[in-house]
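**Student:** Please read through the structure below; I'll follow up with questions.
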There are 2 protein chains.
Amino acid sequence: MSVWEALADPVRREILTVLREGGATAGSIASRFAISRPAVSRHLRVLREAGLASSEARGQERVYHLVGAPLTEVDAWLRRVTPARRPSPAERLDALETELRRGRRANEEVGDGHRSTG
Amino acid sequence: MSVWEALADPVRREILTVLREGGATAGSIASRFAISRPAVSRHLRVLREAGLASSEARGQERVYHLVGAPLTEVDAWLRRVTPARRPSPAERLDALETELRRGRRANEEVGDGHRSTG
DNA sequence: GACTTATATAAGCCTCCTGTTACGCTAACG
DNA sequence: CGTTAGCGTAACAGGAGGCTTATATAAGTC
């Protein structure tokens, strides 16, 4: 199952938000949902096969971790399809950093007058 | 159908990338896919009901437009679940100021040749 | 070794999505 | 008007996804 299809299910998205807080066992994850544990196990398998989660056997339990790498694909698509918009502050900051690191004089027309407290 | 479910289908994602280039008629969209026109019409309906597309009757044709607003929801979720690898603009500004105050010369070697021992 | 705990997998059922063909509606045109 | 073009919707078949119950595997406990 693709990353997009894996993210289409609200339970799986919720599982990922749980995993974001740190590793979690299958049981502790399942206890957060009203569905049966096998159902959660299936969701975890889907997330694993989509590359969004990894499982680590720790004794009797199985600890799951979030793998954020595949999300960059989603992010990239979003950025590609989002209509031309003013660059976000983060993007502008990114551009500014690049300019500064390249040693460009910023006094051209960056004119934002952010001359505060040297 | 939710935005996530609407985006789960590759045909619908492709349709959105087409709409990103500008308005397009249902026929011109359908001609880009191997599936039948009713199938595309159904996908367009899903996109409309998810708020991702709007249709405008122009004479005999029907022009579809991209509506990017619902994508912010997806973007927000991504940002919330993505591990802290992406510093916030404020953090980056802070780091940038620190770097500049430490007098780092930007024009040293921008390339990957980071042999500089300091 | 028997029992419990933690988890995954298989089988079965049901629902919903996706595609097709057939049909209806509105706009343009002679 | 009658005809054609463009789109949408209805009805139907095929298939995939998701949940539950039942079963299997592995680790810990006595």
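All residue names refer to the structure tokens as shown: chains lettered A, B, ... in order, residues numbered from 1 in each chain, ligands numbered from 1 in order.
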What's the 12 Å shell around segment 45-56 of chain B, counting only C-alpha atoms (C1' of nucleotides), without same-chain residues fewer than 2 positions away, as a compact mmCIF listing (two decimals) with C-alpha atoms (C1' of nucleotides), in the first residue's frame?
**Tutor:**
# COMPACT_ATOMS: atom_id res chain seq x y z
CA VAL A 81 0.53 21.25 -6.47
CA THR A 82 -0.03 24.22 -4.21
CA PRO A 83 -0.93 27.22 -6.32
CA MET B 1 -15.18 12.04 1.24
CA SER B 2 -12.41 13.61 3.26
CA VAL B 3 -9.47 15.45 1.78
CA TRP B 4 -7.12 12.63 2.71
CA GLU B 5 -9.31 10.04 1.05
CA ALA B 6 -9.64 12.25 -2.01
CA LEU B 7 -5.87 12.48 -2.26
CA ALA B 8 -5.39 8.75 -1.81
CA ASP B 9 -6.24 8.06 -5.45
CA VAL B 11 -5.79 9.70 -10.67
CA ARG B 12 -7.23 12.42 -8.47
CA ARG B 13 -3.76 13.61 -7.51
CA GLU B 14 -2.86 13.76 -11.18
CA ILE B 15 -6.02 15.71 -11.90
CA LEU B 16 -5.01 18.24 -9.28
CA THR B 17 -1.58 18.64 -10.84
CA VAL B 18 -3.35 19.30 -14.14
CA LEU B 19 -5.62 21.87 -12.53
CA ARG B 20 -2.63 23.57 -11.01
CA GLY B 22 -4.94 26.57 -14.72
CA GLY B 23 -8.58 25.96 -15.44
CA ALA B 24 -9.40 22.91 -17.54
CA THR B 25 -12.59 21.50 -18.99
CA ALA B 26 -13.86 18.10 -17.97
CA PRO B 38 -17.76 9.02 -16.54
CA ALA B 39 -15.00 7.70 -14.30
CA VAL B 40 -13.19 11.02 -14.55
CA SER B 41 -16.45 12.82 -13.90
CA ARG B 42 -16.79 10.81 -10.73
CA HIS B 43 -13.27 11.72 -9.64
CA ARG B 58 -18.90 28.19 -19.35
CA GLY B 59 -21.37 27.67 -22.16
CA GLN B 60 -21.49 24.06 -23.04
CA GLU B 61 -18.31 23.22 -21.24
CA ARG B 62 -17.52 23.02 -17.59
CA VAL B 63 -14.28 24.49 -16.41
CA TYR B 64 -12.67 23.11 -13.30
CA HIS B 65 -10.36 25.04 -11.04
CA LEU B 66 -8.04 24.00 -8.27
CA VAL B 67 -8.95 25.04 -4.75
CA GLY B 68 -5.85 24.77 -2.66
CA ALA B 69 -7.33 25.78 0.68
CA PRO B 70 -8.07 22.26 1.97
CA LEU B 71 -4.47 21.31 1.34
CA THR B 72 -3.45 23.43 4.28
CA GLU B 73 -5.09 20.85 6.50
CA VAL B 74 -2.83 18.17 5.07
C1' DC C 17 -14.67 2.43 -4.00
C1' DC D 7 -21.20 16.45 -19.01
C1' DG D 8 -23.32 14.47 -15.46
C1' DT D 9 -25.88 10.60 -13.19
**Student:** For chain C, list the residues within 8 Å of chain A, counting only C-alpha atoms (C1' of nucleotides), and write the list as a list in words.
**Tutor:**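 In the required form, that comes to DA6, DT7 and DA8 of chain C.
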**Student:** Between atom C1' of DA13 of chain D and atom C1' of DT18 of chain C, what is the distance in Å, rounded to a tenth?
**Tutor:**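 So the answer is 10.6 Å.
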**Student:** Mind dumping a table of every chain D residue within 12 Å of chain A, with the nearest atom pair and its distance in Å to one decimal, using only C-alpha atoms (C1' of nucleotides), sorted by chain and rising number, as a tab-separated table?
**Tutor:**
residue	atom	partner	partner_atom	distance
D:DA16	C1'	A:Met1	CA	11.1
D:DG17	C1'	A:Asp9	CA	10.2
D:DG18	C1'	A:Ala39	CA	7.7
D:DC19	C1'	A:Ala39	CA	6.5
D:DT20	C1'	A:Ser36	CA	7.6
D:DT21	C1'	A:Pro38	CA	10.1
D:DA22	C1'	A:Pro38	CA	11.4
D:DT25	C1'	A:Gln60	CA	11.5
D:DA26	C1'	A:Gln60	CA	7.4
D:DA27	C1'	A:Gln60	CA	4.8
D:DG28	C1'	A:Gln60	CA	7.4
**Student:** Between atom C1' of DA27 of chain C and atom C1' of DG6 of chain D, what is the distance in Å, rounded to a tenth?
**Tutor:**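 Interatomic distance, atom C1' of DA27 of chain C to atom C1' of DG6 of chain D: 8.6 Å.
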**Student:** I need the residue nearest chain A from this list: B:Ala57, B:Arg79, B:Ala34, B:Ile29. Use only C-alpha atoms for the distance.
**Tutor:**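 Using only C-alpha atoms, the shortest distance to chain A belongs to B:Arg79.
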